[in-house]
Structure formats: structure tokens, C-alpha cells
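K.L.:
One structure follows; several queries about it will come next.
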Protein chains: 2
Amino acid sequence: MIALGLDIGGANVKAAMIDVKVGELLTSTRYFPIWKRRKDELAKVIREMVDHLTSGKRLSGAGITMTAEVSDVYFSKREGVHHVLDCVKSALEAPHLSVLTTDAKLVSIADAKVNYLKVASANWAATGWLASHFLKKCVVIDVGSTTTSIIPVLNGKVAAEGETDFEKLKNGELVYTGALRTPVSTIVNSVNVDGRTFRVSSERFALSADVHLVLGNITRREYTTETADDRGKSMRESLARLARVVCADLSMLSKDWLTKMAKYVYGKQIEIIANGIKQVCYRFEGRGTIPTAVTAGVGGNFLAKEAAKLAGFKRVRSLDEFVQGSSLTAPAVGVAFMVLKTLGGANWKVIDRLKVKS
Amino acid sequence: MIALGLDIGGANVKAAMIDVKVGELLTSTRYFPIWKRRKDELAKVIREMVDHLTSGKRLSGAGITMTAEVSDVYFSKREGVHHVLDCVKSALEAPHLSVLTTDAKLVSIADAKVNYLKVASANWAATGWLASHFLKKCVVIDVGSTTTSIIPVLNGKVAAEGETDFEKLKNGELVYTGALRTPVSTIVNSVNVDGRTFRVSSERFALSADVHLVLGNITRREYTTETADDRGKSMRESLARLARVVCADLSMLSKDWLTKMAKYVYGKQIEIIANGIKQVCYRFEGRGTIPTAVTAGVGGNFLAKEAAKLAGFKRVRSLDEFVQGSSLTAPAVGVAFMVLKTLGGANWKVIDRLKVKS
């Protein structure tokens with residue numbers, strides 16, 4: 001039995017394949033910025049990724065989730081959901097093709113098209129569903145390249161209350177900040193360095209990836225988004241981009257100064273995420289404290305973890321401790337397991353035997 | 001005697017020509033987003049604009065100021081200043097070609113290249129210089145498409161203390177927010193509508209131009225920047241862009257709701273500018289209160305004016321009351337007058353006689 005999970009985001013397409021017989025979990029991520037008016041290439045990209053993962057093996061079933069419909073290449077969510085599903089349909093040959101809903105259920109493509117708001121940006125539900133099998137009570141903090149999902153799990157069930165991104169932005173379950181693609185100008189209005197406050201430019205001069213590269217939170221290889229100025233990903237180029245945020249350049253500001261500035265921005269980003277965590281957890285206070293935070297995503301180790309600590313969590317664990325290799329593609333892995341379960345092949349002991357490749 | 005002033009910004013090139021004999025002030029603005037990797041076309045654009053303004057008349061002299069060097073098409077300010085000046089030199093034929101410094105003086109192109117930080121983003125100095133001829137004590141608030149300059153005038157002289165944009169971001173003389181090009185995600189972290197707070201997306205989904213179009217602060221014709229999603233400038237399209245800022249669409253949010261959201265963002269932008277005004281004016285409190293605020297720029301009437309009022313000013317006047325037609329291209333007009341003065345043709349009574357065309 002071979003199950004595929006696809007998570008089609010606005011910036012990245014992620015895939016996970018579980019081969020039960022071989023005992024293998026294969027994951028794959030491809031940077032595909034759909035907002036660059038390249039939506040017509042989506043079907044091709046999916047086909048290539050799946051061909052690469054399956055290498056000729058026949059899929060038993062596939063599950064799809066998405067956030068790409070948020071992109072402004074689509075005028076409406078309906079248009080976005082329909083286009084993504086059409087692309088998947090034309091790209092995949094699988095007997096069972098289903099789509100994740102915000103209730104952590106799988107529905108047919110036809111149903112998904114009718115109830116498009118139920119499947120729009122539902123990918124967090126798969127992450128929560130996956131975590132809920134290991135911890136009965138926890139909050140999952142998935143810090144991706146662009147956004148952060150904060151998913152409460154209670155009594156072994158996903159207890160998120162927001163169904164749409166709009167509701168989640170209100171209740172804290174979605175915090176629109178990420179480890180790579182977030183413009184520094186949206187994280188801070190000003191920076192404080194050596195006790196002095198500087199306003200910042202509102203241009204997209206530098207990204208969170210520059211902040212985290214300068215601070216050593218990510219390596220050059222992990223800087224998987226395009227740079228803001230189309231220049232390279234060296235330390236010097238990242239520092240120059242940060243300098244421009246305060247309308248300066250490398251002849252005016254030292255590496256030391258710019259590193260302090262990066263630390264300030266990092267601190268603010270941790271605060272922003274921690275505020276979301278606190279808002280989500282506060283709802284459940286009457287039902288006892290949530291004991292554990294589970295981190296995931298490319299910013300799991302340095303943003304989710306630090307934000308969880310700032311929000312007061314003593315126990316912080318990575319999703320990788322439960323399903324090795326799942327943290328960076330958690331929704332895709334979750335959907336793949338969900339498909340397996342639907343097909344009758346779900347066995348949680350499978351997980352311990354899985355060899356991980358990516 | 002015919003003098004030209006050029007203000008070469010990152011988003012717009014502005015030109016002003018004064019023909020003393022005919023008694024005419026001609027101004028022109030062209031949207032030219034240099035960050036779109038089109039810097040090689042700059043010389044051509046300047047030539048076309050000047051040819052159009054002069055229609056064959058011979059210039060007595062020309063003055064240049066710029067902010068385009070801030071753009072990330074240039075790695076450093078030095079590179080930016082040099083490139084802009086080279087373009088001007090190749091585009092213009094004028095016996096006297098000079099460059100504005102932050103001391104409101106004109107220097108040669110050769111000097112400007114050596115002391116490039118003295119001419120980088122100096123355009124506010126010309127605006128202040130112009131205003132200082134009419135009011136001995138005032139603060140000029142020039143809200144452009146992208147940025148806001150706050151220029152104190154004391155004893156009939158520009159009394160700004162920041163020389164570079166970096167210093168100005170610190171002391172309030174530069175507030176990096178504008179009437180058209182500013183992403184909504186850099187103005188607010190959240191919006192409050194009907195007593196409920198919603199986080200916002202950090203994407204560049206909507207611009208300040210959408211906010212001000214929806215509120216009727218600008219007309220469709222005044223929406224001179226490109227839209228964030230390359231779609232049109234209708235009310236419906238602007239509303240759709242605003243909806244996307246909270247990850248929604250027009251099927252989810254009403255025009256009424258989105259107008260309230262726009263009002264909230266507008267209010268925040270006024271506050272941001274008012275804070276800059278207060279910071280600048282606070283410095284001079286020991287020397288007596290500044291009695292008058294002078295507004296300029298495309299956001300002069302609805303942002304500069306409202307921010308001045310919020311900062312406590314009772315007397316708010318437009319630069320147009322002093323030099324008709326100068327408000328939208330104040331630095332270019334200022335530099336043109338400065339050139340006239342250098343050439344011995346400056347006569348402030350000229351101003352009253354000027355017929356304005358644009």
C-alpha cells in the first residue's frame with residue numbers, strides 16, 4: 001500500500017509518500033512561488049515531484065491540501081481552490097483522490113469544489129491530526145517559510161476553532177509571520193540598537209531569511225526563498241539588505257550593528273508568535289493547562305521553540321521526535337497517513353518502522 | 001532665463017521648469033519604478049521629460065536632486081548616486097548643471113560624486129528652502145507616494161538635523177509611509193473592525209492607494225502606482241485587495257466592513273505621521289512653539305493635514321498657497337528656483353506672476 005500526501009502552498013509544494021510494505025517515508029519540497037504568475041505550471045510541477053517520489057510505483061491513494069488559493073494570482077478563494085484541484089486531477093493518477101477539510105476529514109474533489117471554503121487553507125488540520133495521535137493535550141506550533149499555524153489538541157482531538165484563515169487571524173491560530181519570506185518591514189515599525197530607536201523603511205528590502213542567516217539560525221542552503229533584491233545569499237549580501245531597511249548601506253553600518261538589529265527583529269518575531277500561542281491557549285484555561293508545545297516547520301527550532309518558551313511552556317518537543325522527518329512537511333505527511341487510514345492500511349506502529357528519506 | 005529642477009525618485013521622476021520671461025512654471029511627473037530593474041532606461045526617461053517641458057527652448061541651468069539611490073537596484077548609495085548623475089549628464093544639455101546637497105546648496109556633479117552622501121536623498125532640503133522664503137517658522141510635511149518628509153524651518157532657514165535618511169529615520173524627519181505605494185501590512189499589524197481585532201497578512205496584498213481610493217481620498221486617476229496584484233483600479237478591485245489582507249475575499253466581507261477596515265488603516269497612518277511631526281517639533285520647544293504646518297505632496301490634503309491637526313497644529317496651510325502648483329513636485333520646483341537664484345535671476349516677485357501648467 002502506497003499513499004501520497006500533497007500540500008500545495010503559495011510558495012512551496014510539499015509531498016510525502018508512505019510505502020507501507022517497504023516501510024519508507026519519502027518527503028520532498030519544491031520552491032514554487034505561484035504568485036509569480038506561474039500558476040499554469042502547477043500541474044507540471046506536481047507531476048514531476050510525484051514521478052520522482054514514486055519512481056514508477058503505483059499509488060493506492062492520494063490526499064491533497066492547500067494554501068495556494070490565498071495567493072493574489074486568484075481573484076477569489078473559489079477560483080483558487082478550483083484551479084489547484086484541477087491541476088492535481090490532471091497531474092495525478094490514483095484510484096482514490098481526496099481533499100482535506102478543516103474538520104480533518106477527507107472528501108472527494110467534487111465535494112471539495114462545492115464546499116471550497118472547507119478545504120481552503122486546511123493544511124494545519126493534518127498537522128494537528130498527526131500530533132493528536134501522540135499527545136492527547138498539546139499545542140502544535142508550525143512555523144513555515146511564510147506563516148505560523150498554532151493548533152490546539154485536546155482530548156486527543158484537534159480543537160482549533162477557526163475554520164477560515166480570516167477567523168484564525170482573529171483568534172490567534174494563524175499568525176502571518178514566517179522563518180524565510182516575511183519582509184522585515186512587516187515585523188517591526190522600528191528597531192532599537194544600543195538604546196536608540198530607528199524607524200524602518202516600508203519597502204521589501206530584507207526578509208526574515210536575512211535576519212536568520214545573519215544570526216546563524218539558518219544556513220545558506222536553508223535560505224530557500226528568493227532574496228528581496230535578486231542578489232545572492234552570502235552573509236555580506238544579507239547584511240547589505242538589512243542595512244537598507246534603515247536606509248543605510250555597508251559603508252555606514254558595521255556587521256556588529258546590523259547583527260544587533262537582526263537580534264532585535266528576531267526578538268519581535270518571537271513575541272508576535274508567542275502572543276498567538278498565548279491567545280490560543282488562554283481559551284482552554286478552564287479545561288486545565290496545556291502541558292506540551294510541539295514544534296514543526298523550517299522555523300521550528302529557533303522561532304516556534306523560543307516563542308513557546310516565551311509563552312510559558314516548560315515542555316517543548318519537536319514533531320520529529322514522534323514521526324521522524326515529518327517536521328518540515330507536516331501537513332503532507334499527515335494527509336498521507338490519513339489516506340492510509342482511509343484505505344485500511346493505517347497502523348501507528350508502522351511509524352516506528354519507517355525509514356525516512358527526503 | 002529658463003531653469004530646470006529634477007527630482008529623481010525611486011518611483012517617480014519629477015521635473016519643474018521656470019521660464020522667467022514668459023512667466024511660467026511647468027511641472028511634470030512620470031511614474032518610473034526604478035526598482036523594476038529598469039535603471040538603464042533612466043537617461044532616456046529624463047531626456048523625454050525635459051524635451052517635452054522645454055519644447056526646444058534652451059535651458060540656462062538645471063539642478064538635480066534624488067532619492068532613487070535608496071533603491072535596491074543599487075548595492076550601495078555610492079553606486080546609486082553615481083549612476084543617477086551619469087544618466088542626468090548624458091540626458092541633459094545645460095551650461096550649468098548642479099546637484100542639491102542636504103545643506104540646501106548646489107554643487108557640481110564632480111563634487112557630488114565625491115561627497116555622494118551629501119547629495120543622497122537631499123530633495124527635502126529644496127522643499128524646506130522653498131517654504132522658508134514665505135514663513136520664517138514652520139514645519140513642512142510632504143507626504144509623497146512612498147515617504148513623508150518632515151522639515152522644520154526656523155528663523156527663515158531649514159533647521160533639519162538629520163543629514164542622511166538613516167539619521168532622519170531616527171529623529172522623525174523621515175517617516176517611511178506614503179499615500180500610494182505603502183503596503184498595508186507595513187502600516188498595521190492588525191485591524192480593528194466593530195470592536196474585533198484581526199491580525200493581517202504580511203504579504204504585499206494591498207497598498208495605501210487602495211485604502212485611500214476606497215475612502216475617496218484619491219480618485220482613480222490619482223492612483224498612479226501599479227496595483228499590488230496587477231489588476232485594475234476599480235473600487236471593487238481595491239476592495240478585493242483589502243479583503244485579501246485579512247485572508248478573505250469579496251464573498252466573505254462586505255463593502256461596509258472593508259470601508260471600516262480602510263478607515264482604521266487610514267487612522268493608523270495619520271498617527272504614524274503625527275508621531276514624526278511631534279518628535280521633530282519637540283526638539284524646538286525651548287525656542288518657542290512652531291505656529292504653522294505647511295502641507296505638500298500627493299497625500300498633503302488627507303494625510304499631512306490630518307496628521308498636523310492630530311499633532312496639535314491649529315494653522316495648516318498648503319504649499320500651493322505660496323507657490324501655486326508646487327505642492328506635488330515641491331523638491332523639483334525648489335531646485336529650479338535655487339538654480340534661478342544662482343544664475344542671478346531669482347526674484348521672489350516672479351512667483352506671483354507665474355502661470356502654472358502641468
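A note on labels: chains of the C-alpha cells are A, B, ... as shown, every chain counts residues from 1, and ligands are counted from 1 in their shown order.
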Set the distance at 10 Å and use only C-alpha atoms: which residues neighbour A:Asn275 once local chain neighbours fewer than 2 positions away are removed? I'd like the list as number ranges by chain.
P.N.:
A: 172, 175, 269-273, 277-281, 307-308, 310-311
K.L.:
Considering only C-alpha atoms, give me a table of residues in chain B that are at most 9 Å from chain A, with the closest atom pair and distance in Å for each, as a tab-separated table.
P.N.:
```
residue	atom	partner	partner_atom	distance
B:Trp35	CA	A:Asp229	CA	8.9
B:Val70	CA	A:Cys247	CA	6.6
B:Ser71	CA	A:Arg244	CA	8.6
B:Asp72	CA	A:Asp229	CA	6.0
B:Val73	CA	A:Asp229	CA	7.1
B:Phe75	CA	A:Ala240	CA	7.6
B:Ser76	CA	A:Asp249	CA	5.8
B:Lys77	CA	A:Asp249	CA	6.8
B:Thr146	CA	A:Ser202	CA	8.4
B:Thr147	CA	A:Ser201	CA	8.7
B:Thr164	CA	A:Ala248	CA	8.3
B:Asp165	CA	A:Cys247	CA	5.9
B:Phe166	CA	A:Cys247	CA	5.3
B:Glu167	CA	A:Phe198	CA	8.1
B:Lys168	CA	A:Phe198	CA	8.5
B:Leu169	CA	A:Arg199	CA	4.9
B:Lys170	CA	A:Phe198	CA	4.3
B:Asn171	CA	A:Phe198	CA	7.8
B:Gly172	CA	A:Arg199	CA	8.0
B:Leu174	CA	A:Arg199	CA	8.4
B:Val175	CA	A:Arg199	CA	7.1
B:Tyr176	CA	A:Ser201	CA	5.2
B:Thr177	CA	A:Ser202	CA	6.7
B:Thr182	CA	A:Ser202	CA	6.5
B:Pro183	CA	A:Ser202	CA	7.3
B:Ser185	CA	A:Thr186	CA	5.8
B:Thr186	CA	A:Thr186	CA	4.8
B:Ile187	CA	A:Thr186	CA	8.1
B:Val188	CA	A:Thr186	CA	8.2
B:Asn189	CA	A:Thr186	CA	7.3
B:Ser190	CA	A:Leu169	CA	8.9
B:Arg196	CA	A:Lys170	CA	7.8
B:Thr197	CA	A:Lys170	CA	6.1
B:Phe198	CA	A:Lys170	CA	4.3
B:Arg199	CA	A:Leu169	CA	4.9
B:Val200	CA	A:Tyr176	CA	6.8
B:Ser201	CA	A:Tyr176	CA	5.2
B:Ser202	CA	A:Thr186	CA	5.9
B:Glu203	CA	A:Thr182	CA	7.7
B:Arg204	CA	A:Arg204	CA	8.8
B:Phe205	CA	A:Asp72	CA	7.1
B:Ala228	CA	A:Asp72	CA	8.6
B:Asp229	CA	A:Asp72	CA	6.0
B:Glu237	CA	A:Phe75	CA	8.8
B:Ala240	CA	A:Phe75	CA	7.6
B:Arg241	CA	A:Asp72	CA	8.2
B:Arg244	CA	A:Val70	CA	7.6
B:Val246	CA	A:Phe166	CA	5.7
B:Cys247	CA	A:Phe166	CA	5.4
B:Ala248	CA	A:Phe166	CA	5.8
B:Asp249	CA	A:Ser76	CA	5.8
B:Leu250	CA	A:Ser76	CA	7.4
B:Ser251	CA	A:Ser76	CA	7.9
```
K.L.:
Select from stretch 130-230 of chain B everything DSSP, run on the backbone, classes as alpha helix (DSSP H), then give the selection as a list of chain:residue names.
P.N.:
B:Leu130, B:Ala131, B:Ser132, B:Asp165, B:Phe166, B:Glu167, B:Lys168, B:Leu169, B:Lys170, B:Asn171, B:Val184, B:Ser185, B:Thr186, B:Ile187, B:Ser208, B:Ala209, B:Asp210, B:Val211, B:His212, B:Leu213, B:Val214
K.L.:
Keeping N, CA, C and O atoms for every residue in the selection just given, could you write it to a file as an mmCIF file, in the first residue's frame?
P.N.:
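So out.cif came out as:
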```
data_model
loop_
_atom_site.group_PDB
_atom_site.id
_atom_site.type_symbol
_atom_site.label_atom_id
_atom_site.label_comp_id
_atom_site.auth_asym_id
_atom_site.auth_seq_id
_atom_site.Cartn_x
_atom_site.Cartn_y
_atom_site.Cartn_z
ATOM 1 N N LEU B 130 12.346 76.256 -0.149
ATOM 2 C CA LEU B 130 11.254 76.974 -0.809
ATOM 3 C C LEU B 130 10.289 77.556 0.234
ATOM 4 O O LEU B 130 9.948 78.747 0.188
ATOM 5 N N ALA B 131 9.903 76.731 1.181
ATOM 6 C CA ALA B 131 8.942 77.174 2.202
ATOM 7 C C ALA B 131 9.531 78.288 3.075
ATOM 8 O O ALA B 131 8.819 79.204 3.499
ATOM 9 N N SER B 132 10.838 78.214 3.317
ATOM 10 C CA SER B 132 11.483 79.173 4.230
ATOM 11 C C SER B 132 11.433 80.605 3.695
ATOM 12 O O SER B 132 11.662 81.548 4.444
ATOM 13 N N ASP B 165 19.233 59.719 5.351
ATOM 14 C CA ASP B 165 17.942 59.089 5.638
ATOM 15 C C ASP B 165 18.011 58.288 6.932
ATOM 16 O O ASP B 165 17.043 58.238 7.699
ATOM 17 N N PHE B 166 19.137 57.647 7.158
ATOM 18 C CA PHE B 166 19.339 56.842 8.370
ATOM 19 C C PHE B 166 19.137 57.710 9.617
ATOM 20 O O PHE B 166 18.405 57.330 10.542
ATOM 21 N N GLU B 167 19.762 58.894 9.639
ATOM 22 C CA GLU B 167 19.603 59.796 10.787
ATOM 23 C C GLU B 167 18.164 60.317 10.882
ATOM 24 O O GLU B 167 17.616 60.491 11.968
ATOM 25 N N LYS B 168 17.581 60.560 9.721
ATOM 26 C CA LYS B 168 16.222 61.111 9.692
ATOM 27 C C LYS B 168 15.178 60.099 10.175
ATOM 28 O O LYS B 168 14.182 60.468 10.799
ATOM 29 N N LEU B 169 15.413 58.826 9.870
ATOM 30 C CA LEU B 169 14.505 57.790 10.372
ATOM 31 C C LEU B 169 14.554 57.767 11.895
ATOM 32 O O LEU B 169 13.578 57.430 12.562
ATOM 33 N N LYS B 170 15.693 58.130 12.442
ATOM 34 C CA LYS B 170 15.839 58.159 13.899
ATOM 35 C C LYS B 170 15.150 59.383 14.495
ATOM 36 O O LYS B 170 14.429 59.284 15.481
ATOM 37 N N ASN B 171 15.374 60.556 13.874
ATOM 38 C CA ASN B 171 14.891 61.776 14.535
ATOM 39 C C ASN B 171 13.502 62.231 14.075
ATOM 40 O O ASN B 171 13.016 63.267 14.513
ATOM 41 N N VAL B 184 -0.134 47.851 3.014
ATOM 42 C CA VAL B 184 -0.970 47.927 4.226
ATOM 43 C C VAL B 184 -0.319 47.139 5.368
ATOM 44 O O VAL B 184 -0.362 47.545 6.531
ATOM 45 N N SER B 185 0.351 46.035 5.015
ATOM 46 C CA SER B 185 0.979 45.177 6.034
ATOM 47 C C SER B 185 2.127 45.859 6.771
ATOM 48 O O SER B 185 2.578 45.362 7.798
ATOM 49 N N THR B 186 2.620 46.995 6.263
ATOM 50 C CA THR B 186 3.667 47.722 6.986
ATOM 51 C C THR B 186 3.072 48.865 7.814
ATOM 52 O O THR B 186 3.762 49.461 8.631
ATOM 53 N N ILE B 187 1.805 49.155 7.596
ATOM 54 C CA ILE B 187 1.140 50.224 8.363
ATOM 55 C C ILE B 187 0.544 49.656 9.645
ATOM 56 O O ILE B 187 0.592 50.272 10.699
ATOM 57 N N SER B 208 -1.460 51.461 0.256
ATOM 58 C CA SER B 208 -2.161 52.628 0.805
ATOM 59 C C SER B 208 -3.069 53.251 -0.265
ATOM 60 O O SER B 208 -4.113 53.816 0.072
ATOM 61 N N ALA B 209 -2.709 53.138 -1.537
ATOM 62 C CA ALA B 209 -3.570 53.670 -2.602
ATOM 63 C C ALA B 209 -4.950 53.013 -2.581
ATOM 64 O O ALA B 209 -5.961 53.667 -2.850
ATOM 65 N N ASP B 210 -5.010 51.720 -2.249
ATOM 66 C CA ASP B 210 -6.304 51.037 -2.160
ATOM 67 C C ASP B 210 -7.127 51.604 -0.999
ATOM 68 O O ASP B 210 -8.327 51.841 -1.131
ATOM 69 N N VAL B 211 -6.466 51.808 0.132
ATOM 70 C CA VAL B 211 -7.133 52.398 1.299
ATOM 71 C C VAL B 211 -7.735 53.752 0.923
ATOM 72 O O VAL B 211 -8.910 54.038 1.196
ATOM 73 N N HIS B 212 -6.924 54.585 0.266
ATOM 74 C CA HIS B 212 -7.368 55.954 0.006
ATOM 75 C C HIS B 212 -8.348 56.045 -1.168
ATOM 76 O O HIS B 212 -9.172 56.949 -1.219
ATOM 77 N N LEU B 213 -8.286 55.083 -2.073
ATOM 78 C CA LEU B 213 -9.291 55.040 -3.137
ATOM 79 C C LEU B 213 -10.654 54.651 -2.552
ATOM 80 O O LEU B 213 -11.669 55.296 -2.829
ATOM 81 N N VAL B 214 -10.640 53.639 -1.711
ATOM 82 C CA VAL B 214 -11.892 53.176 -1.087
ATOM 83 C C VAL B 214 -12.523 54.285 -0.250
ATOM 84 O O VAL B 214 -13.747 54.440 -0.221
#
```
K.L.:
Do you have the atom CA of B:Gly334-atom CA of B:Trp129 distance handy?
P.N.:
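According to the coordinates, atom CA of B:Gly334 and atom CA of B:Trp129 are separated by 6.9 Å.
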K.L.:
Which residues are near stretch 20-33 of chain A? Cut-off 8 Å, only C-alpha atoms, ignore same chain within fewer than 6 positions. Put them as an MDAnalysis selection string.
P.N.:
chainID A and resid 1:2 10:14 49 53 224:225 325 329 333 345 350 353:358
K.L.:
Keeping only all heavy atoms, write the selected residues to a file as a compact mmCIF listing (two decimals), in the first residue's frame.
P.N.:
```txt
# COMPACT_ATOMS: atom_id res chain seq x y z
N MET A 1 0.84 -1.21 0.00
CA MET A 1 0.00 0.00 0.00
C MET A 1 0.87 1.26 0.00
O MET A 1 1.77 1.41 0.82
CB MET A 1 -0.90 -0.02 1.24
CG MET A 1 -2.03 0.99 1.15
SD MET A 1 -3.31 0.63 2.37
CE MET A 1 -4.18 -0.74 1.63
N ILE A 2 0.60 2.15 -0.94
CA ILE A 2 1.40 3.37 -1.07
C ILE A 2 0.48 4.59 -1.07
O ILE A 2 -0.42 4.70 -1.89
CB ILE A 2 2.21 3.35 -2.38
CG1 ILE A 2 3.17 2.14 -2.38
CG2 ILE A 2 3.00 4.65 -2.54
CD1 ILE A 2 3.96 2.01 -3.65
N GLY A 10 1.47 28.53 -1.37
CA GLY A 10 1.72 29.62 -2.30
C GLY A 10 3.19 29.76 -2.67
O GLY A 10 3.53 30.24 -3.74
N ALA A 11 4.06 29.30 -1.78
CA ALA A 11 5.50 29.43 -2.01
C ALA A 11 6.19 28.10 -2.25
O ALA A 11 7.19 28.03 -2.95
CB ALA A 11 6.16 30.13 -0.83
N ASN A 12 5.65 27.03 -1.65
CA ASN A 12 6.27 25.71 -1.77
C ASN A 12 5.22 24.64 -2.03
O ASN A 12 4.12 24.71 -1.48
CB ASN A 12 7.00 25.34 -0.47
CG ASN A 12 8.22 26.22 -0.21
OD1 ASN A 12 9.23 26.10 -0.89
ND2 ASN A 12 8.11 27.12 0.75
N VAL A 13 5.60 23.67 -2.84
CA VAL A 13 4.78 22.46 -2.96
C VAL A 13 5.51 21.36 -2.19
O VAL A 13 6.72 21.17 -2.37
CB VAL A 13 4.59 22.05 -4.43
CG1 VAL A 13 3.76 20.76 -4.52
CG2 VAL A 13 3.90 23.16 -5.21
N LYS A 14 4.78 20.69 -1.30
CA LYS A 14 5.40 19.65 -0.49
C LYS A 14 4.67 18.33 -0.71
O LYS A 14 3.46 18.31 -0.85
CB LYS A 14 5.35 20.04 0.98
CG LYS A 14 6.14 21.31 1.25
CD LYS A 14 6.13 21.70 2.71
CE LYS A 14 6.96 22.96 2.88
NZ LYS A 14 7.03 23.37 4.30
N MET A 49 7.20 16.12 -9.31
CA MET A 49 7.52 15.75 -7.93
C MET A 49 7.04 14.34 -7.61
O MET A 49 7.75 13.55 -6.98
CB MET A 49 6.87 16.75 -6.95
CG MET A 49 7.54 18.10 -6.94
SD MET A 49 6.75 19.21 -5.74
CE MET A 49 7.33 18.52 -4.19
N LEU A 53 9.09 10.92 -6.62
CA LEU A 53 8.89 10.20 -5.36
C LEU A 53 8.52 8.74 -5.58
O LEU A 53 9.04 7.84 -4.92
CB LEU A 53 7.78 10.87 -4.52
CG LEU A 53 8.14 12.06 -3.64
CD1 LEU A 53 6.91 12.50 -2.86
CD2 LEU A 53 9.26 11.73 -2.67
N THR A 224 15.83 29.07 1.31
CA THR A 224 15.28 28.50 0.07
C THR A 224 14.35 29.45 -0.68
O THR A 224 13.82 29.09 -1.73
CB THR A 224 14.51 27.19 0.34
OG1 THR A 224 13.55 27.46 1.35
CG2 THR A 224 15.45 26.09 0.79
N THR A 225 14.14 30.64 -0.17
CA THR A 225 13.32 31.60 -0.90
C THR A 225 14.23 32.48 -1.75
O THR A 225 15.45 32.49 -1.56
CB THR A 225 12.48 32.46 0.07
OG1 THR A 225 11.62 33.30 -0.68
CG2 THR A 225 13.37 33.33 0.94
N GLY A 325 11.41 12.96 10.58
CA GLY A 325 11.42 13.52 9.24
C GLY A 325 10.12 14.19 8.84
O GLY A 325 9.94 14.55 7.68
N THR A 329 7.49 18.93 6.60
CA THR A 329 6.40 18.73 5.65
C THR A 329 5.20 18.13 6.38
O THR A 329 4.50 17.26 5.84
CB THR A 329 6.82 17.77 4.51
OG1 THR A 329 7.33 16.57 5.12
CG2 THR A 329 7.90 18.36 3.63
N VAL A 333 2.73 14.92 5.29
CA VAL A 333 2.87 13.64 5.99
C VAL A 333 1.54 13.26 6.65
O VAL A 333 1.08 12.12 6.55
CB VAL A 333 4.01 13.71 7.04
CG1 VAL A 333 4.05 12.44 7.88
CG2 VAL A 333 5.35 13.95 6.36
N GLY A 345 -5.05 0.85 5.79
CA GLY A 345 -3.65 0.45 5.99
C GLY A 345 -2.97 1.18 7.13
O GLY A 345 -1.76 1.11 7.29
N VAL A 350 3.45 1.30 12.30
CA VAL A 350 4.16 1.49 11.03
C VAL A 350 5.19 2.60 11.19
O VAL A 350 6.32 2.52 10.71
CB VAL A 350 3.16 1.85 9.91
CG1 VAL A 350 3.87 2.52 8.74
CG2 VAL A 350 2.39 0.63 9.44
N ARG A 353 8.66 1.96 12.35
CA ARG A 353 9.49 1.17 11.44
C ARG A 353 9.96 1.96 10.22
O ARG A 353 10.81 1.54 9.47
CB ARG A 353 8.69 -0.05 10.94
CG ARG A 353 8.38 -1.09 12.01
CD ARG A 353 8.10 -2.44 11.35
NE ARG A 353 7.15 -2.31 10.24
CZ ARG A 353 5.80 -2.45 10.36
NH1 ARG A 353 5.27 -2.74 11.52
NH2 ARG A 353 5.03 -2.34 9.32
N LEU A 354 9.30 3.12 10.01
CA LEU A 354 9.57 3.86 8.78
C LEU A 354 11.01 4.34 8.67
O LEU A 354 11.57 4.88 9.61
CB LEU A 354 8.65 5.08 8.68
CG LEU A 354 7.19 4.84 8.30
CD1 LEU A 354 6.44 6.16 8.34
CD2 LEU A 354 7.08 4.19 6.94
N LYS A 355 11.59 4.09 7.53
CA LYS A 355 12.88 4.70 7.23
C LYS A 355 12.58 6.02 6.52
O LYS A 355 11.75 6.07 5.62
CB LYS A 355 13.70 3.79 6.31
CG LYS A 355 14.42 2.68 7.05
CD LYS A 355 15.02 1.70 6.07
CE LYS A 355 13.93 0.79 5.49
NZ LYS A 355 14.42 -0.14 4.47
N VAL A 356 13.26 7.05 6.94
CA VAL A 356 12.95 8.35 6.37
C VAL A 356 13.98 8.76 5.33
O VAL A 356 15.17 8.64 5.54
CB VAL A 356 12.92 9.41 7.49
CG1 VAL A 356 12.59 10.77 6.91
CG2 VAL A 356 11.92 9.02 8.55
N LYS A 357 13.49 9.23 4.22
CA LYS A 357 14.37 9.81 3.20
C LYS A 357 13.75 11.12 2.74
O LYS A 357 12.54 11.29 2.78
CB LYS A 357 14.47 8.86 1.99
CG LYS A 357 15.14 7.55 2.30
CD LYS A 357 15.29 6.74 1.02
CE LYS A 357 15.87 5.36 1.31
NZ LYS A 357 15.88 4.53 0.08
N SER A 358 14.55 12.03 2.29
CA SER A 358 13.97 13.25 1.72
C SER A 358 14.88 13.84 0.66
O SER A 358 16.00 13.40 0.51
CB SER A 358 13.71 14.29 2.81
OG SER A 358 14.92 14.78 3.30
```
K.L.:
Quick one: residues within 10 Å of stretch 341-344 of chain A, only C-alpha atoms, excluding same-chain residues fewer than 4 positions away - as a ChimeraX atom specification?
P.N.:
/A:1-3,60-61,96,105-106,335-337,348
K.L.:
If you count only C-alpha atoms, which residues fall within 10 Å of A:Arg287, apart from same-chain ones fewer than 4 positions away, as a ChimeraX atom specification?
P.N.:
/A:154,282-283
K.L.:
With only C-alpha atoms as the basis for distance, which of B:Gly156, B:Gly63, B:Gly216, B:Gly286 is at the shortest distance from B:Val119?
P.N.:
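Comparing B:Gly156, B:Gly63, B:Gly216, B:Gly286 against B:Val119, the winner is B:Gly63.
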K.L.:
In Å, rounded to a single decimal, give me how far atom CA of A:Val323 is from atom CA of A:Ala293.
P.N.:
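Going from atom CA of A:Ala293 over to atom CA of A:Val323 covers 15.4 Å.
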K.L.:
Between atom CA of B:Met261 and atom CA of B:Gly232, what is the distance in Å, rounded to a tenth?
P.N.:
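Interatomic distance, atom CA of B:Met261 to atom CA of B:Gly232: 20.4 Å.
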K.L.:
Could you pull the residues within 10 Å of A:Leu303, counting only C-alpha atoms, minus those fewer than 6 positions along the same chain, as a list in words?
P.N.:
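In the requested format, the answer is Ile141, Asp142, Val143, Gly144, Thr148, Gly178, Ala179, His212, Asn217, Tyr266, Gly267, Gln269, Ile270, Glu271, Ile273, Ala274, Thr295, Ala296, Gly297 and Lys309 of chain A.
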K.L.:
Write out as a list in words all residues of stretch 115-202 of chain B that DSSP puts in strand (DSSP E or B) for this structure's backbone.
P.N.:
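Strand (DSSP E or B) assignments inside stretch 115-202 of chain B correspond to Cys138, Val139, Val140, Ile141, Asp142, Val143, Thr148, Ser149, Ile150, Ile151, Pro152, Val153, Leu154, Lys157, Val158, Leu174, Val175, Pro183, Ser190, Val191, Asn192, Val193, Arg196, Thr197, Phe198 and Arg199 of chain B.
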K.L.:
What lies within 9 Å of stretch 123-128 of chain A using only C-alpha atoms, ignoring chain neighbours under 4 positions off, as a ChimeraX atom specification?
P.N.:
/A:7-8,64-67,100-105,119,132-133,139-140,142,149-153,157-160,296,329-335,338
